[in-house]
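Structure data (compact mmCIF, C-alpha atoms (C1' of nucleotides)) from data.txt:
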```txt
# COMPACT_ATOMS: atom_id res chain seq x y z
CA MET A 1 0.00 0.00 0.00
CA LYS A 2 3.02 2.24 0.12
CA THR A 3 3.07 3.33 -3.50
CA LYS A 4 -0.65 3.89 -3.55
CA ASP A 5 -0.31 6.33 -0.69
CA ARG A 6 2.61 8.09 -2.32
CA ILE A 7 0.45 8.59 -5.39
CA LEU A 8 -2.39 9.99 -3.32
CA ASP A 9 -0.09 12.31 -1.39
CA ALA A 10 1.46 13.62 -4.57
CA ALA A 11 -1.94 14.05 -6.18
CA ILE A 12 -3.34 16.03 -3.26
CA LYS A 13 -0.34 18.29 -3.27
CA LEU A 14 -0.52 18.97 -7.00
CA PHE A 15 -4.29 19.33 -7.03
CA ASN A 16 -4.10 21.87 -4.23
CA GLU A 17 -1.40 23.81 -6.06
CA GLN A 18 -2.68 23.72 -9.61
CA GLY A 19 -6.22 22.40 -9.68
CA THR A 20 -7.34 18.98 -10.87
CA SER A 21 -7.71 19.77 -14.54
CA ALA A 22 -4.20 21.21 -14.85
CA VAL A 23 -2.69 18.08 -13.33
CA SER A 24 -2.33 14.98 -15.52
CA THR A 25 -1.68 11.41 -14.46
CA ASN A 26 1.82 11.87 -15.88
CA HIS A 27 2.43 14.80 -13.56
CA ILE A 28 1.22 12.84 -10.59
CA ALA A 29 3.42 9.87 -11.48
CA GLU A 30 6.45 12.08 -11.83
CA ALA A 31 5.78 13.83 -8.53
CA ALA A 32 5.33 10.46 -6.86
CA GLY A 33 8.62 9.27 -8.34
CA ILE A 34 7.14 6.44 -10.36
CA SER A 35 6.38 5.73 -13.99
CA PRO A 36 3.07 6.52 -15.67
CA GLY A 37 2.50 2.83 -16.29
CA ASN A 38 2.94 2.06 -12.63
CA LEU A 39 0.36 4.63 -11.71
CA TYR A 40 -2.12 2.81 -13.89
CA TYR A 41 -1.31 -0.40 -12.12
CA HIS A 42 -2.59 1.15 -8.89
CA PHE A 43 -5.44 3.24 -10.22
CA GLY A 44 -7.66 2.80 -13.24
CA ASN A 45 -7.64 6.49 -14.00
CA LYS A 46 -7.52 9.98 -12.57
CA GLU A 47 -11.15 9.83 -11.51
CA GLU A 48 -10.35 6.89 -9.30
CA ILE A 49 -7.52 8.79 -7.65
CA ILE A 50 -9.88 11.63 -6.88
CA ARG A 51 -12.40 9.21 -5.43
CA GLU A 52 -9.79 7.73 -3.13
CA ILE A 53 -8.79 11.16 -1.94
CA PHE A 54 -12.41 11.89 -1.13
CA GLU A 55 -12.59 8.64 0.84
CA ARG A 56 -9.70 9.91 2.91
CA LEU A 57 -11.56 13.15 3.40
CA PHE A 58 -14.74 11.35 4.48
CA HIS A 59 -12.69 9.42 6.99
CA VAL A 60 -11.22 12.57 8.48
CA TRP A 61 -14.70 14.05 8.71
CA ASP A 62 -15.89 11.04 10.59
CA VAL A 63 -13.27 11.17 13.30
CA SER A 64 -13.19 14.89 13.93
CA PHE A 65 -16.68 16.29 14.20
CA ASP A 66 -17.85 15.26 17.61
CA LEU A 67 -18.45 17.43 20.60
CA PRO A 68 -17.28 15.93 23.90
CA ARG A 69 -19.73 13.41 25.33
CA ASP A 70 -18.26 13.09 28.79
CA ARG A 71 -19.00 16.65 29.85
CA ILE A 72 -21.14 19.61 28.92
CA PRO A 73 -19.72 21.20 25.76
CA THR A 74 -18.67 24.82 26.00
CA LEU A 75 -18.73 27.56 23.42
CA GLU A 76 -15.01 26.91 23.04
CA ASP A 77 -15.78 23.32 22.08
CA ILE A 78 -18.09 24.56 19.36
CA GLN A 79 -15.40 26.90 18.12
CA GLY A 80 -13.00 23.97 18.17
CA VAL A 81 -15.19 21.96 15.84
CA VAL A 82 -15.30 24.77 13.33
CA ARG A 83 -11.57 25.35 13.65
CA THR A 84 -10.85 21.68 13.05
CA ASN A 85 -13.03 21.81 10.01
CA PHE A 86 -11.07 24.80 8.71
CA GLU A 87 -7.86 22.82 9.09
CA ILE A 88 -9.30 19.92 7.15
CA ILE A 89 -10.43 22.27 4.43
CA ARG A 90 -6.95 23.70 4.21
CA GLN A 91 -5.45 20.24 3.74
CA TYR A 92 -7.95 19.20 1.08
CA ARG A 93 -8.21 22.63 -0.41
CA PHE A 94 -8.81 21.59 -4.02
CA ALA A 95 -11.76 19.40 -3.07
CA TYR A 96 -13.61 22.36 -1.62
CA ARG A 97 -12.60 24.73 -4.37
CA GLU A 98 -13.76 22.44 -7.13
CA ILE A 99 -16.41 20.45 -5.35
CA LEU A 100 -19.32 21.30 -7.63
CA ALA A 101 -17.37 20.72 -10.81
CA LEU A 102 -15.99 17.44 -9.48
CA LEU A 103 -19.38 16.12 -8.45
CA ARG A 104 -20.86 16.91 -11.83
CA GLN A 105 -18.14 15.03 -13.60
CA ASP A 106 -18.43 11.87 -11.56
CA SER A 107 -21.89 10.69 -10.63
CA VAL A 108 -20.58 7.83 -8.48
CA LEU A 109 -18.61 10.28 -6.38
CA HIS A 110 -21.62 12.56 -6.38
CA ASP A 111 -23.94 9.98 -4.86
CA ARG A 112 -21.40 8.89 -2.32
CA TYR A 113 -20.69 12.49 -1.33
CA ILE A 114 -24.35 13.35 -0.89
CA THR A 115 -24.86 10.33 1.34
CA ILE A 116 -21.90 11.01 3.59
CA ARG A 117 -22.59 14.70 3.79
CA GLN A 118 -26.26 14.19 4.56
CA ARG A 119 -25.34 12.01 7.50
CA GLY A 120 -23.03 14.65 8.92
CA TYR A 121 -25.48 17.44 8.33
CA GLU A 122 -28.32 15.69 10.11
CA GLY A 123 -26.20 15.11 13.16
CA PHE A 124 -25.06 18.69 13.06
CA ARG A 125 -28.57 20.06 12.84
CA GLU A 126 -29.52 18.47 16.13
CA MET A 127 -26.73 20.32 17.84
CA ILE A 128 -28.52 23.59 18.52
CA PRO A 129 -31.44 22.07 20.48
CA ILE A 130 -29.00 19.89 22.39
CA LEU A 131 -26.86 22.87 23.32
CA VAL A 132 -29.95 24.68 24.52
CA THR A 133 -30.97 21.71 26.63
CA LEU A 134 -27.52 21.54 28.18
CA GLY A 135 -27.55 25.25 28.88
CA THR A 136 -24.60 26.08 26.64
CA LEU A 137 -26.95 28.21 24.60
CA ARG A 138 -29.81 30.26 25.99
CA GLY A 139 -33.27 29.32 24.81
CA PRO A 140 -35.96 29.19 23.94
CA ILE A 141 -35.14 28.68 20.28
CA ASP A 142 -37.99 27.52 18.09
CA SER A 143 -37.21 24.67 15.76
CA GLU A 144 -37.21 26.71 12.51
CA THR A 145 -34.77 29.14 14.01
CA ALA A 146 -32.59 26.30 15.24
CA VAL A 147 -32.39 24.90 11.72
CA ARG A 148 -31.49 28.31 10.31
CA LEU A 149 -28.77 28.78 12.89
CA ALA A 150 -27.35 25.36 12.09
CA ASP A 151 -27.50 26.14 8.38
CA LEU A 152 -25.68 29.41 8.93
CA ILE A 153 -22.90 27.82 10.93
CA TRP A 154 -22.60 25.03 8.40
CA LEU A 155 -22.38 27.58 5.60
CA ILE A 156 -19.64 29.45 7.42
CA SER A 157 -17.74 26.24 8.15
CA GLU A 158 -17.91 25.09 4.59
CA PHE A 159 -17.46 28.29 2.62
CA TRP A 160 -15.79 30.93 4.70
CA LEU A 161 -12.32 29.92 3.57
CA SER A 162 -13.51 30.02 -0.01
CA GLU A 163 -14.70 33.53 0.60
CA VAL A 164 -11.25 34.39 1.94
CA GLU A 165 -9.62 33.01 -1.19
CA VAL A 166 -12.04 34.80 -3.47
CA GLU A 167 -11.10 37.98 -1.63
CA GLY A 168 -7.55 37.26 -2.76
CA GLN A 169 -6.33 36.61 0.78
CA ILE A 170 -4.12 33.81 1.99
CA ILE A 171 -5.69 31.31 4.37
CA ASP A 172 -4.01 31.68 7.75
CA ASP A 173 -4.84 31.71 11.43
CA TYR A 174 -6.11 35.24 11.28
CA GLN A 175 -8.62 34.44 8.56
CA MET A 176 -9.74 31.34 10.39
CA GLN A 177 -10.28 33.47 13.45
CA ARG A 178 -12.44 35.81 11.39
CA GLY A 179 -14.55 32.80 10.45
CA ILE A 180 -14.93 31.80 14.07
CA GLU A 181 -16.03 35.33 14.89
CA LEU A 182 -18.69 35.22 12.20
CA MET A 183 -20.06 32.11 13.79
CA MET A 184 -20.06 33.75 17.21
CA GLU A 185 -21.88 36.71 15.72
CA VAL A 186 -24.62 34.35 14.59
CA LEU A 187 -24.86 32.78 18.03
CA LYS A 188 -24.53 36.07 19.90
CA PRO A 189 -28.25 36.49 20.67
CA TYR A 190 -28.25 33.07 22.29
CA ILE A 191 -25.11 33.21 24.37
CA PRO A 192 -25.91 33.17 28.09
CA PRO A 193 -24.65 36.07 30.18
CA PRO A 194 -21.58 35.10 32.21
CA ASP A 195 -22.78 33.99 35.63
CA GLU A 196 -20.88 34.67 38.78
CA MET B 1 -20.79 41.58 -32.90
CA LYS B 2 -23.52 39.06 -33.59
CA THR B 3 -21.36 35.95 -33.87
CA LYS B 4 -19.28 36.92 -30.88
CA ASP B 5 -22.40 37.03 -28.75
CA ARG B 6 -23.61 33.71 -30.10
CA ILE B 7 -20.30 32.20 -29.07
CA LEU B 8 -20.56 33.67 -25.60
CA ASP B 9 -24.15 32.52 -25.17
CA ALA B 10 -23.27 29.01 -26.28
CA ALA B 11 -20.23 28.97 -24.01
CA ILE B 12 -22.20 30.07 -20.96
CA LYS B 13 -24.80 27.42 -21.61
CA LEU B 14 -22.26 24.64 -22.02
CA PHE B 15 -20.12 25.79 -19.12
CA ASN B 16 -23.14 25.84 -16.85
CA GLU B 17 -24.16 22.38 -17.98
CA GLN B 18 -20.81 20.61 -18.09
CA GLY B 19 -18.16 22.75 -16.45
CA THR B 20 -15.42 24.67 -18.21
CA SER B 21 -12.85 21.89 -18.40
CA ALA B 22 -15.24 19.44 -20.05
CA VAL B 23 -16.09 21.95 -22.76
CA SER B 24 -13.64 22.47 -25.62
CA THR B 25 -13.53 25.27 -28.15
CA ASN B 26 -14.76 22.73 -30.68
CA HIS B 27 -17.84 22.05 -28.60
CA ILE B 28 -18.53 25.73 -28.23
CA ALA B 29 -18.17 26.30 -31.97
CA GLU B 30 -20.52 23.45 -32.74
CA ALA B 31 -23.11 24.68 -30.23
CA ALA B 32 -22.84 28.17 -31.68
CA GLY B 33 -23.35 26.76 -35.17
CA ILE B 34 -20.01 27.92 -36.53
CA SER B 35 -16.69 26.33 -37.45
CA PRO B 36 -13.77 25.95 -35.04
CA GLY B 37 -11.70 28.23 -37.24
CA ASN B 38 -14.30 30.93 -37.05
CA LEU B 39 -14.32 30.78 -33.30
CA TYR B 40 -10.61 31.51 -33.33
CA TYR B 41 -11.24 34.49 -35.55
CA HIS B 42 -13.30 36.03 -32.76
CA PHE B 43 -11.38 34.81 -29.72
CA GLY B 44 -7.74 33.96 -29.25
CA ASN B 45 -8.54 31.01 -27.04
CA LYS B 46 -10.87 29.58 -24.45
CA GLU B 47 -9.38 31.71 -21.70
CA GLU B 48 -10.38 34.81 -23.61
CA ILE B 49 -13.93 33.56 -23.90
CA ILE B 50 -14.09 33.07 -20.17
CA ARG B 51 -12.73 36.55 -19.61
CA GLU B 52 -15.42 38.05 -21.81
CA ILE B 53 -18.10 36.18 -19.93
CA PHE B 54 -16.75 37.59 -16.70
CA GLU B 55 -16.88 41.07 -18.18
CA ARG B 56 -20.55 40.50 -18.84
CA LEU B 57 -20.94 39.38 -15.27
CA PHE B 58 -19.15 42.45 -13.93
CA HIS B 59 -21.47 44.61 -15.96
CA VAL B 60 -24.56 42.94 -14.55
CA TRP B 61 -23.18 43.39 -11.05
CA ASP B 62 -22.71 47.06 -11.69
CA VAL B 63 -26.25 47.75 -12.74
CA SER B 64 -28.11 45.68 -10.19
CA PHE B 65 -26.71 46.18 -6.73
CA ASP B 66 -28.04 49.51 -5.64
CA LEU B 67 -30.57 50.23 -2.98
CA PRO B 68 -33.08 52.96 -3.87
CA ARG B 69 -31.70 56.46 -3.39
CA ASP B 70 -34.93 58.39 -3.68
CA ARG B 71 -36.54 56.95 -0.55
CA ILE B 72 -35.64 55.15 2.62
CA PRO B 73 -34.82 51.53 1.79
CA THR B 74 -36.94 48.90 3.47
CA LEU B 75 -36.07 45.40 4.57
CA GLU B 76 -37.81 44.24 1.43
CA ASP B 77 -35.38 46.30 -0.61
CA ILE B 78 -32.48 44.54 1.07
CA GLN B 79 -34.08 41.20 0.35
CA GLY B 80 -34.51 42.30 -3.23
CA VAL B 81 -30.81 42.94 -3.62
CA VAL B 82 -29.96 39.47 -2.40
CA ARG B 83 -32.65 37.95 -4.57
CA THR B 84 -31.36 39.72 -7.64
CA ASN B 85 -27.92 38.46 -6.82
CA PHE B 86 -29.25 34.91 -6.61
CA GLU B 87 -30.74 35.29 -10.08
CA ILE B 88 -27.44 36.49 -11.47
CA ILE B 89 -25.68 33.57 -9.86
CA ARG B 90 -28.12 31.19 -11.44
CA GLN B 91 -27.43 32.64 -14.88
CA TYR B 92 -23.68 32.53 -14.50
CA ARG B 93 -23.69 29.38 -12.46
CA PHE B 94 -20.38 27.96 -13.64
CA ALA B 95 -18.49 31.12 -12.76
CA TYR B 96 -19.49 30.79 -9.12
CA ARG B 97 -19.01 27.07 -9.00
CA GLU B 98 -15.52 27.19 -10.41
CA ILE B 99 -14.45 30.64 -9.38
CA LEU B 100 -11.40 29.62 -7.36
CA ALA B 101 -10.11 27.23 -9.98
CA LEU B 102 -10.68 29.78 -12.74
CA LEU B 103 -8.89 32.58 -10.92
CA ARG B 104 -5.87 30.37 -10.27
CA GLN B 105 -5.60 29.46 -13.91
CA ASP B 106 -5.72 33.03 -15.21
CA SER B 107 -3.87 35.68 -13.30
CA VAL B 108 -5.15 38.48 -15.53
CA LEU B 109 -8.71 37.51 -14.76
CA HIS B 110 -7.72 37.11 -11.13
CA ASP B 111 -6.46 40.66 -10.79
CA ARG B 112 -9.42 42.11 -12.62
CA TYR B 113 -11.85 40.10 -10.50
CA ILE B 114 -10.25 41.15 -7.23
CA THR B 115 -10.44 44.80 -8.25
CA ILE B 116 -14.07 44.72 -9.29
CA ARG B 117 -15.14 42.64 -6.34
CA GLN B 118 -13.29 44.82 -3.87
CA ARG B 119 -15.15 47.85 -5.14
CA GLY B 120 -18.50 46.16 -4.68
CA TYR B 121 -17.60 44.82 -1.28
CA GLU B 122 -16.52 48.17 0.07
CA GLY B 123 -19.76 49.77 -0.99
CA PHE B 124 -21.67 46.90 0.50
CA ARG B 125 -19.91 47.13 3.83
CA GLU B 126 -21.09 50.68 4.35
CA MET B 127 -24.67 49.54 4.03
CA ILE B 128 -25.23 48.44 7.62
CA PRO B 129 -24.32 51.78 9.25
CA ILE B 130 -26.36 53.60 6.61
CA LEU B 131 -29.40 51.43 7.27
CA VAL B 132 -29.04 52.14 10.98
CA THR B 133 -28.85 55.85 10.34
CA LEU B 134 -31.97 55.72 8.21
CA GLY B 135 -33.80 53.70 10.82
CA THR B 136 -34.29 50.62 8.68
CA LEU B 137 -32.19 48.73 11.17
CA ARG B 138 -32.20 49.31 14.90
CA GLY B 139 -28.94 50.43 16.44
CA PRO B 140 -26.65 50.93 18.04
CA ILE B 141 -24.33 48.60 16.11
CA ASP B 142 -20.65 48.98 16.80
CA SER B 143 -18.42 49.08 13.76
CA GLU B 144 -16.86 45.63 14.21
CA THR B 145 -20.28 44.08 14.46
CA ALA B 146 -21.43 46.00 11.40
CA VAL B 147 -18.55 44.56 9.40
CA ARG B 148 -19.32 41.04 10.58
CA LEU B 149 -22.98 41.42 9.66
CA ALA B 150 -22.03 42.66 6.22
CA ASP B 151 -19.57 39.77 5.83
CA LEU B 152 -22.24 37.29 6.80
CA ILE B 153 -24.76 38.65 4.35
CA TRP B 154 -22.14 38.76 1.63
CA LEU B 155 -21.21 35.15 2.38
CA ILE B 156 -24.83 34.09 2.15
CA SER B 157 -25.33 36.01 -1.09
CA GLU B 158 -22.28 34.54 -2.70
CA PHE B 159 -22.30 30.96 -1.45
CA TRP B 160 -25.76 29.93 -0.36
CA LEU B 161 -26.69 28.61 -3.77
CA SER B 162 -23.45 26.65 -3.86
CA GLU B 163 -24.45 25.13 -0.55
CA VAL B 164 -27.78 24.17 -2.09
CA GLU B 165 -26.04 22.48 -4.99
CA VAL B 166 -23.61 20.68 -2.72
CA GLU B 167 -26.63 19.39 -0.83
CA GLY B 168 -27.71 17.86 -4.11
CA GLN B 169 -30.71 20.15 -4.46
CA ILE B 170 -31.91 21.99 -7.51
CA ILE B 171 -31.75 25.77 -7.39
CA ASP B 172 -35.30 27.10 -7.42
CA ASP B 173 -37.44 29.78 -5.82
CA TYR B 174 -37.84 27.79 -2.66
CA GLN B 175 -34.10 27.48 -2.13
CA MET B 176 -33.62 31.15 -2.86
CA GLN B 177 -36.24 31.92 -0.25
CA ARG B 178 -34.31 29.81 2.24
CA GLY B 179 -31.28 31.95 1.52
CA ILE B 180 -33.25 35.13 2.14
CA GLU B 181 -34.44 33.70 5.42
CA LEU B 182 -30.91 33.00 6.50
CA MET B 183 -30.07 36.62 5.89
CA MET B 184 -33.09 37.74 7.89
CA GLU B 185 -32.00 35.45 10.69
CA VAL B 186 -28.69 37.29 10.80
CA LEU B 187 -30.43 40.65 10.87
CA LYS B 188 -33.16 39.57 13.29
CA PRO B 189 -31.62 41.13 16.42
CA TYR B 190 -31.52 44.47 14.63
CA ILE B 191 -34.93 44.57 13.05
CA PRO B 192 -37.06 47.30 14.60
CA PRO B 193 -40.37 46.27 16.15
CA PRO B 194 -43.32 47.12 13.89
CA ASP B 195 -44.61 50.50 14.95
CA GLU B 196 -48.24 51.37 14.93
C1' DG C 1 5.13 -4.08 -8.72
C1' DT C 2 7.54 -1.50 -11.72
C1' DC C 3 9.40 -0.16 -15.97
C1' DT C 4 9.64 1.38 -21.19
C1' DA C 5 7.41 1.89 -25.32
C1' DT C 6 3.67 2.96 -27.82
C1' DA C 7 -1.22 3.35 -29.65
C1' DT C 8 -5.03 6.39 -29.79
C1' DC C 9 -7.44 10.21 -29.25
C1' DG C 10 -9.03 14.91 -29.00
C1' DC C 11 -7.76 19.48 -28.07
C1' DG C 12 -5.87 24.02 -29.24
C1' DA C 13 -4.41 26.53 -32.80
C1' DT C 14 -3.11 28.03 -37.63
C1' DA C 15 -3.07 28.33 -42.84
C1' DG C 16 -5.26 29.43 -46.67
C1' DA C 17 -9.37 29.31 -49.84
C1' DC C 18 -13.71 31.61 -50.43
C1' DG D 1 -16.25 36.72 -41.57
C1' DT D 2 -16.46 32.14 -42.40
C1' DC D 3 -15.10 27.79 -43.96
C1' DT D 4 -12.12 23.29 -44.52
C1' DA D 5 -8.03 21.01 -43.67
C1' DT D 6 -4.48 19.96 -40.96
C1' DC D 7 -0.42 20.07 -37.75
C1' DG D 8 1.57 19.42 -33.25
C1' DC D 9 1.05 18.33 -28.83
C1' DG D 10 0.05 16.20 -24.60
C1' DA D 11 -3.08 13.33 -22.17
C1' DT D 12 -5.08 8.73 -21.22
C1' DA D 13 -4.45 4.19 -21.32
C1' DT D 14 -2.45 -0.42 -22.62
C1' DA D 15 1.14 -4.05 -23.84
C1' DG D 16 4.73 -6.55 -22.64
C1' DA D 17 9.47 -7.05 -20.65
C1' DC D 18 11.73 -7.37 -16.23
```
Show this structure as structure tokens.
Amino acid sequence: MKTKDRILDAAIKLFNEQGTSAVSTNHIAEAAGISPGNLYYHFGNKEEIIREIFERLFHVWDVSFDLPRDRIPTLEDIQGVVRTNFEIIRQYRFAYREILALLRQDSVLHDRYITIRQRGYEGFREMIPILVTLGTLRGPIDSETAVRLADLIWLISEFWLSEVEVEGQIIDDYQMQRGIELMMEVLKPYIPPPDE
Amino acid sequence: MKTKDRILDAAIKLFNEQGTSAVSTNHIAEAAGISPGNLYYHFGNKEEIIREIFERLFHVWDVSFDLPRDRIPTLEDIQGVVRTNFEIIRQYRFAYREILALLRQDSVLHDRYITIRQRGYEGFREMIPILVTLGTLRGPIDSETAVRLADLIWLISEFWLSEVEVEGQIIDDYQMQRGIELMMEVLKPYIPPPDE
DNA sequence: GTCTATATCGCGATAGAC
DNA sequence: GTCTATCGCGATATAGAC
């Protein structure tokens, strides 16, 4: 499995730097230090490489989106989730930049993506009511509002760094912090006053 | 100028349907009902076609983003601006889907885009304080908060429909309405109570 | 598993007639 | 302005030796 991983690592790097369409299988092979023929021994084509990279991404999603279960989550925990997501986005930058184009070009990937994403989104949506119940957020929040708040935070998590790039800025800690602050702005009306 | 426009129309249609990288100059020529050679008479290459399409887009931006100046703008006016933007996005769908990839591949377009966008963004950012002054929004809103609110609304305007597509949904009036509601959710704490 | 060599294809782009 | 014909290139993908 060593070569396969080298190919995937090289592909991610090149895709992030130049975009998927500018990067050929030959480029990837060269960057991975192997021959073009060898690449085709491990992957049927470029599409398959992209699919594998997305499987990696799905895996990272899976292991990094949970709030703590052993104690009551704080606002800092919520910020941590978003921050972690920003880091993931930075690593798999190309996937987020090109997501819509990639999904249109590969219906298998499309279906798989929708399924995985849907699962994450549904879990995420329940978060607001849970946080209200636990007292981390101040209620009452009616269910439509809760969904809108979740949608807003999800939108920020998923697209804020794209916004930064469209602005022509480099993604760095400062910009991530700006994203966090946007999320806090959304939650502001529901943040409990500090108690003594 | 007739053929040039036919080429651009055909290109927009194909780009929206299949993405820029899947569409060759040959495809565009065929869809426009002309020969490949003729296409190259009008445009140096595909990049140039994309640039022209963006110029069209910039023009549409210019003429459609203003709030009324002859009367005090209402919340409905603000919604109207976002809605208009959604319609533009629908028409130039591919440009928004692929924006980051396109800007990386063409530094001339990149610089031009940043300039134009910056201009629009700066005007937009002033909107919140103005709306407070006019009484359409309820103050006081400190300047950092005003910037965050503007950033949030801008983010929604620019990326909500992408979110919808990533969800696997079709862009329609209902989804646009959802976007408007997200914006209203952001503004909710600053909406004046209805006066009698 | 990995390499070299190569077949095939389609794209971008140009030349030159009309 | 528009066409047909065509060239050169690079990308994908396969064959077959090691």
Applying 10 Å and only C-alpha atoms (C1' of nucleotides), which residues near DC18 in chain D remain after dropping the ones on its own chain fewer than 2 positions away? List them as a tab-separated table (two decimals) with C-alpha atoms (C1' of nucleotides), in the frame of the given file.
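around_15.tsv, written as the output of this step:
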```
chain	number	residue	atom	x	y	z
C	2	DT	C1'	7.54	-1.50	-11.72
C	3	DC	C1'	9.40	-0.16	-15.97
D	16	DG	C1'	4.73	-6.55	-22.64
```
Next item on the list: Tell me which protein, DNA and RNA residues are within 9 Å of range 174-188 of chain A, counting all atoms listed in the file, leaving out same-chain ones fewer than 4 positions away, and put them as a PyMOL selection string.
Entry: (chain A and resi 75+79+82-83+86-87+137+149+152-153+156-157+160-161+164+169-170+192) or (chain B and resi 145+148-149+151-152+185-186)
Could you work out an axis-aligned box for range 1-9 of chain D, taking every atom the file lists and adding 8 Å on each side, and report centre and edge lengths in Å to one decimal, as lines of an AutoDock Vina configuration file?
```
center_x = -7.4
center_y = 27.5
center_z = -36.7
size_x = 34.0
size_y = 34.4
size_z = 31.7
```
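For the pair CA of Arg6 in chain B and CA of Ala32 in chain B, the interatomic distance is 5.8 Å.
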Next item on the list: Find the residue from B:Tyr113, B:Phe124, B:Tyr40, B:Phe15 that sits nearest to DT14 in chain C; use all atoms listed in the file when measuring.
Entry: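 Distance minimum relative to DT14 in chain C lands on B:Tyr40.
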Notebook entry, point to check: Smallest atom-to-atom distance to chain C: which of A:Lys13, A:Lys2, A:Asn38, A:Glu47, using all atoms listed in the file?
Noted result: A:Asn38
Check: Which polymer residues have any atom within 12 Å of an atom of Thr115 in chain B, counting all atoms listed in the file, with same-chain residues fewer than 5 positions away left out, as a list of chain:residue names?
Finding: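 Returned residues: A:Val166, A:Glu167, A:Gly168, B:Phe58, B:Val108, B:Leu109, B:His110, B:Gly120, B:Tyr121, B:Glu122.
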Next item on the list: Using all atoms listed in the file, pick whichever of A:Ile141, A:Met127, A:Ile72, A:Ala101 has the shortest atom-to-atom distance to chain B.
Entry: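 That would be A:Ala101, the residue with the smallest distance to chain B.
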Notebook entry, point to check: Using only C-alpha atoms (C1' of nucleotides), which chain A residues lie at most 12 Å away from chain C, written as a list of chain:residue names?
Noted result: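 Putting it all together, I get A:Met1, A:Lys2, A:Thr3, A:Lys4, A:Gly33, A:Ile34, A:Ser35, A:Pro36, A:Gly37, A:Asn38, A:Leu39, A:Tyr40, A:Tyr41, A:His42.
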Would you put the residues from that selection into a file with C-alpha atoms, as an mmCIF file, in the frame of the given file?
```cif
data_model
loop_
_atom_site.group_PDB
_atom_site.id
_atom_site.type_symbol
_atom_site.label_atom_id
_atom_site.label_comp_id
_atom_site.auth_asym_id
_atom_site.auth_seq_id
_atom_site.Cartn_x
_atom_site.Cartn_y
_atom_site.Cartn_z
ATOM 1 C CA MET A 1 0.000 0.000 0.000
ATOM 2 C CA LYS A 2 3.020 2.240 0.120
ATOM 3 C CA THR A 3 3.070 3.330 -3.500
ATOM 4 C CA LYS A 4 -0.650 3.890 -3.550
ATOM 5 C CA GLY A 33 8.620 9.270 -8.340
ATOM 6 C CA ILE A 34 7.140 6.440 -10.360
ATOM 7 C CA SER A 35 6.380 5.730 -13.990
ATOM 8 C CA PRO A 36 3.070 6.520 -15.670
ATOM 9 C CA GLY A 37 2.500 2.830 -16.290
ATOM 10 C CA ASN A 38 2.940 2.060 -12.630
ATOM 11 C CA LEU A 39 0.360 4.630 -11.710
ATOM 12 C CA TYR A 40 -2.120 2.810 -13.890
ATOM 13 C CA TYR A 41 -1.310 -0.400 -12.120
ATOM 14 C CA HIS A 42 -2.590 1.150 -8.890
#
```
Next item on the list: May I ask which of the residues A:Pro129, A:Pro189, A:Pro140, A:Gly44 is the closest one to chain B, counting all atoms listed in the file?
Entry: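 For chain B, the nearest of the candidates is A:Pro189.
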